[in-house]
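**Q** Questions regarding the structure given below will be posed in turn.
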Amino acid sequence: MTDPCMFCRIVSGEIPVQIVDQTAGAIAFPDISPQAPVHVLVIPKKHIDSLAAGIDEETLGHLLSFAAAVAMTEGIAESGYRTVINTGNDGGQTVGHLHVHLLGGRAMKWPPG
Ligand code: 5GP
Ligand code: ZN
């Protein structure tokens, strides 16, 4: 049996984080290496490898609507924000537990690097 992944250990409380908000199925916490004044990770509490792993629509919809709710409580809903899901090697995914990046508090550039 393989060890739980880093984000599963955050969900279980083994690795303590400052919880921004949570629901029955998802948790939001600050990124350890913030790329914007607000940089929150929104993850499902159940382990899902990535967006390519066959996520059910209810969970995916919940993650995105929860991210939008966190954007409101973080005060960036009006100024705007970016949500990013990196998937796989070319997508730049470095943690193998599905997560939505919620970035805001500054103007974002396009295209992304
Ligand atoms: P990815 O590159 O997979 O899209 O994003 C992974 C994110 O997780 C990165 O932005 C990285 O800074 C963040 N991260 C990695 N390990 C930890 C951790 O132990 N705690 C927190 N809060 N964030 C982490
Ligand atoms: Zn996990």
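Residue names in the structure tokens use chain letters A, B, ... in the order shown, residue numbers from 1 in each chain, and ligand numbers from 1 in the order shown.
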List every residue of chain A that has an atom at most 8 Å from any atom of ligand 1, giving for each one its closest atom pair and the distance in Å to one decimal, counting only C-alpha atoms and all ligand atoms, sorted by chain and then by ascending residue number, as CSV.
**A**
residue,atom,partner,partner_atom_place_in_ligand_line,distance
A:Met6,CA,ligand 1,19 (O),6.3
A:Phe7,CA,ligand 1,19 (O),7.2
A:Ile10,CA,ligand 1,19 (O),7.7
A:Ile15,CA,ligand 1,19 (O),7.6
A:Val17,CA,ligand 1,22 (N),6.6
A:Phe29,CA,ligand 1,22 (N),6.2
A:Pro30,CA,ligand 1,22 (N),5.2
A:Asp31,CA,ligand 1,22 (N),4.1
A:Ile32,CA,ligand 1,23 (N),4.0
A:Ser33,CA,ligand 1,12 (O),4.2
A:Pro34,CA,ligand 1,12 (O),6.6
A:Gln35,CA,ligand 1,10 (O),7.7
A:Leu41,CA,ligand 1,8 (O),7.3
A:Val84,CA,ligand 1,4 (O),7.7
A:Ile85,CA,ligand 1,4 (O),6.4
A:Asn86,CA,ligand 1,4 (O),4.6
A:Thr87,CA,ligand 1,4 (O),7.2
A:Gly91,CA,ligand 1,4 (O),7.8
A:Gly92,CA,ligand 1,2 (O),5.4
A:Gln93,CA,ligand 1,3 (O),3.5
A:Thr94,CA,ligand 1,3 (O),3.6
A:Val95,CA,ligand 1,3 (O),4.0
A:Gly96,CA,ligand 1,3 (O),6.7
A:His97,CA,ligand 1,3 (O),7.8
A:Leu98,CA,ligand 1,3 (O),7.9
A:His99,CA,ligand 1,4 (O),7.0
A:Val100,CA,ligand 1,4 (O),7.8
A:His101,CA,ligand 1,4 (O),7.1
**Q** Would you list the contacts of Pro37 (chain A) as a count of residues only, taking every protein, DNA or RNA residue within 8 Å and counting only C-alpha atoms, but skipping same-chain residues closer than 3 positions in sequence?
**A** 5
**Q** DSSP on the backbone: which residues in chain A end up as alpha helix (DSSP H)? Give the answer as a list of chain:residue names.
**A** A:Met6, A:Phe7, A:Cys8, A:Arg9, A:Ile10, A:Val11, A:Ser12, A:Glu57, A:Glu58, A:Thr59, A:Leu60, A:Gly61, A:His62, A:Leu63, A:Leu64, A:Ser65, A:Phe66, A:Ala67, A:Ala68, A:Ala69, A:Val70, A:Ala71, A:Met72, A:Thr73, A:Gly88, A:Asn89, A:Asp90, A:Gly91
**Q** What is the CA of Ile48 (chain A)-CA of Cys8 (chain A) distance in Å, reported with one decimal?
**A**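 We find that CA of Ile48 (chain A) and CA of Cys8 (chain A) lie 9.8 Å from each other.
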**Q** Do a neighbour search on region 64-79 of chain A at 9 Å with only C-alpha atoms, toss out local chain neighbours closer than 2 positions, and write the hits as a PyMOL selection string.
**A** chain A and resi 20-23+26-28+38+40-42+59-62+81+83+100-107
**Q** Write to file, as a tab-separated table (two decimals), in the first residue's frame, the residues of the selection just made, with C-alpha atoms.
**A**
chain	number	residue	atom	x	y	z
A	20	VAL	CA	-9.64	29.07	4.61
A	21	ASP	CA	-12.99	27.29	4.34
A	22	GLN	CA	-14.36	23.81	3.88
A	23	THR	CA	-17.48	21.89	2.93
A	26	ALA	CA	-13.85	20.04	-0.31
A	27	ILE	CA	-11.28	22.09	1.56
A	28	ALA	CA	-9.56	25.37	0.75
A	38	VAL	CA	-4.52	35.63	-2.84
A	40	VAL	CA	-5.78	29.42	-2.38
A	41	LEU	CA	-5.92	25.74	-3.32
A	42	VAL	CA	-9.36	24.15	-3.48
A	59	THR	CA	-17.61	16.81	-7.55
A	60	LEU	CA	-16.17	18.98	-10.31
A	61	GLY	CA	-19.14	21.35	-10.17
A	62	HIS	CA	-18.88	21.55	-6.40
A	81	TYR	CA	-9.60	36.25	-10.25
A	83	THR	CA	-9.00	29.60	-11.48
A	100	VAL	CA	-8.05	24.21	-8.30
A	101	HIS	CA	-5.75	27.20	-7.93
A	102	LEU	CA	-7.68	30.36	-7.00
A	103	LEU	CA	-5.50	33.39	-7.75
A	104	GLY	CA	-6.37	37.04	-7.30
A	105	GLY	CA	-5.46	40.38	-5.83
A	106	ARG	CA	-3.48	41.45	-8.89
A	107	ALA	CA	-4.08	41.66	-12.63
**Q** Any chance you could list, as number ranges by chain, the residues in chain A that come up strand (DSSP E) when DSSP is run on the backbone?
**A** A: 21-22, 26-30, 38-44, 81-84, 100-104
**Q** Enter the distance from CA of Ala24 (chain A) to CA of Arg9 (chain A), in Å, rounded to one decimal.
**A**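 A separation of 16.5 Å between them.
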**Q** Which residue is closest to ligand 2? Choose from A:Asp90, A:Asp49, A:Glu14, A:Glu58 and count only C-alpha atoms and all ligand atoms.
**A**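 Counting only C-alpha atoms and all ligand atoms, the residue closest to ligand 2 is A:Asp49.
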